[in-house]
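Undergrad: File name start-v2.csv; file contents CSV, C-alpha atoms and all ligand atoms; full text below.
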```
chain,number,residue,atom,x,y,z
K,30,MET,CA,-52.7,-15.3,24.6
K,31,SER,CA,-50.0,-16.2,22.1
K,32,GLU,CA,-50.3,-14.6,18.7
K,33,HIS,CA,-49.4,-18.1,17.3
K,34,ALA,CA,-52.0,-20.1,19.2
K,35,MET,CA,-54.4,-22.0,16.9
K,36,CYS,CA,-57.4,-20.1,15.7
K,37,LYS,CA,-60.8,-21.4,16.8
K,38,LYS,CA,-63.2,-19.9,14.3
K,39,ILE,CA,-66.9,-19.6,14.4
K,40,LEU,CA,-69.0,-18.6,11.4
K,41,LEU,CA,-71.2,-15.7,12.5
K,42,SER,CA,-72.7,-14.8,9.2
K,43,GLY,CA,-72.3,-16.2,5.7
K,44,GLN,CA,-73.7,-15.3,2.4
K,45,ALA,CA,-72.5,-15.3,-1.1
K,46,GLY,CA,-69.3,-13.2,-1.3
K,47,PHE,CA,-69.5,-12.0,2.3
K,48,ARG,CA,-68.7,-14.0,5.4
K,49,VAL,CA,-68.0,-13.0,9.0
K,50,HIS,CA,-65.9,-15.3,11.3
K,51,TYR,CA,-65.1,-14.9,14.9
K,52,CYS,CA,-61.9,-16.3,16.3
K,53,GLU,CA,-62.4,-17.3,19.9
K,54,THR,CA,-58.6,-17.7,20.5
K,55,HIS,CA,-57.7,-14.1,19.5
K,56,GLY,CA,-61.0,-12.3,20.1
K,57,THR,CA,-60.9,-11.0,16.5
K,58,VAL,CA,-63.6,-10.8,13.8
K,59,GLU,CA,-62.7,-11.5,10.2
K,60,LEU,CA,-64.7,-10.1,7.3
K,61,GLU,CA,-64.3,-11.8,4.0
K,62,MET,CA,-65.6,-9.9,1.0
K,63,GLY,CA,-64.7,-11.7,-2.2
K,64,ALA,CA,-60.9,-12.0,-2.3
K,65,MET,CA,-60.4,-9.3,0.3
K,66,SER,CA,-60.4,-10.0,4.1
K,67,LEU,CA,-60.3,-7.6,7.0
K,68,ARG,CA,-59.5,-8.5,10.6
K,69,LEU,CA,-61.0,-6.3,13.3
K,70,ASP,CA,-61.3,-6.5,17.1
K,71,GLU,CA,-64.8,-6.8,18.6
K,72,ASP,CA,-65.1,-3.1,19.4
K,73,ALA,CA,-64.2,-2.1,15.9
K,74,LEU,CA,-66.9,-4.5,14.6
K,75,GLU,CA,-69.5,-2.8,16.8
K,76,ILE,CA,-68.4,0.7,15.6
K,77,MET,CA,-68.4,-0.5,12.0
K,78,SER,CA,-71.9,-2.1,12.4
K,79,ASP,CA,-73.3,1.1,14.0
K,80,SER,CA,-71.8,3.2,11.3
K,81,LEU,CA,-73.0,1.0,8.4
K,82,SER,CA,-76.6,0.9,9.9
K,83,GLU,CA,-76.6,4.7,10.3
K,84,SER,CA,-75.3,5.1,6.7
K,85,VAL,CA,-78.0,2.7,5.3
K,86,SER,CA,-80.8,4.5,7.1
K,87,LYS,CA,-79.6,7.9,6.1
K,88,LEU,CA,-79.2,6.8,2.5
K,89,HIS,CA,-82.8,5.4,2.6
K,90,ALA,CA,-84.1,8.7,4.1
K,91,LEU,CA,-82.2,10.6,1.4
K,92,GLN,CA,-83.6,8.4,-1.4
K,93,ALA,CA,-87.1,8.7,0.1
K,94,SER,CA,-86.9,12.5,0.2
K,95,ARG,CA,-85.4,12.7,-3.3
K,96,GLY,CA,-88.3,10.5,-4.5
K,97,SER,CA,-90.9,12.7,-2.9
K,98,PHE,CA,-89.2,15.8,-4.2
K,99,ASP,CA,-89.2,14.4,-7.7
K,100,ALA,CA,-92.9,13.4,-7.4
K,101,PHE,CA,-93.6,17.0,-6.2
K,102,MET,CA,-91.8,18.5,-9.1
K,103,ARG,CA,-93.7,16.3,-11.6
K,104,GLN,CA,-97.0,17.4,-10.0
K,105,LEU,CA,-96.0,21.0,-10.5
K,106,LYS,CA,-95.2,20.5,-14.1
K,107,ASN,CA,-98.6,18.8,-14.7
K,108,VAL,CA,-100.6,21.6,-13.2
O,1,ZN,ZN,-57.2,-16.4,15.6
```
When written as structure tokens, how does the structure in this file appear?
Ligand SMILES: [Zn+2]

TA:
Amino acid sequence: MSEHAMCKKILLSGQAGFRVHYCETHGTVELEMGAMSLRLDEDALEIMSDSLSESVSKLHALQASRGSFDAFMRQLKNV
């Protein structure tokens, strides 16, 4: 496939300030975040998606454990 062939883009996901397009011609995924854009191949998108999901769930777990630690410390102080 020629690098110069016309892009045929499909919007995969779009919300304010963050859009994801897929180019069928080149098999690439384009992330648009505000003024910045990033072009990835499909494998890189999967890796990025897994990594972001893992990061979000670990962050939530960290915040939850911080929250319960703080609650535990408040209880100790009130005894
Ligand atoms: Zn393209």

Undergrad: Counting all atoms listed in the file, which residues in chain K sit no more than 12 Å from ligand ZN 1 (chain O)? For each one, give the nearest pair of atoms and the distance in Å, sorted by chain then residue number, as a tab-separated table.

TA:
```
residue	atom	partner	partner_atom	distance
K:Met30	CA	O:ZN1	ZN	10.1
K:Ser31	CA	O:ZN1	ZN	9.7
K:Glu32	CA	O:ZN1	ZN	7.8
K:His33	CA	O:ZN1	ZN	8.2
K:Ala34	CA	O:ZN1	ZN	7.3
K:Met35	CA	O:ZN1	ZN	6.4
K:Cys36	CA	O:ZN1	ZN	3.7
K:Lys37	CA	O:ZN1	ZN	6.3
K:Lys38	CA	O:ZN1	ZN	7.1
K:Ile39	CA	O:ZN1	ZN	10.3
K:His50	CA	O:ZN1	ZN	9.8
K:Tyr51	CA	O:ZN1	ZN	8.1
K:Cys52	CA	O:ZN1	ZN	4.8
K:Glu53	CA	O:ZN1	ZN	6.8
K:Thr54	CA	O:ZN1	ZN	5.3
K:His55	CA	O:ZN1	ZN	4.6
K:Gly56	CA	O:ZN1	ZN	7.2
K:Thr57	CA	O:ZN1	ZN	6.6
K:Val58	CA	O:ZN1	ZN	8.7
K:Glu59	CA	O:ZN1	ZN	9.1
K:Arg68	CA	O:ZN1	ZN	9.6
K:Leu69	CA	O:ZN1	ZN	11.0
K:Asp70	CA	O:ZN1	ZN	10.8
```

Undergrad: Please indicate the distance in Å from CA of Met65 (chain K) to CA of Val49 (chain K), rounded to one decimal place.

TA: 12.1 Å

Undergrad: For a test of reading the model, state the distance in Å between CA of His89 (chain K) and CA of Leu60 (chain K), rounded to one decimal.

TA: 24.3 Å

Undergrad: For CA of Asp72 (chain K) and CA of Ser86 (chain K), determine how far apart the two atoms are, in Å to one decimal place.

TA: 21.3 Å
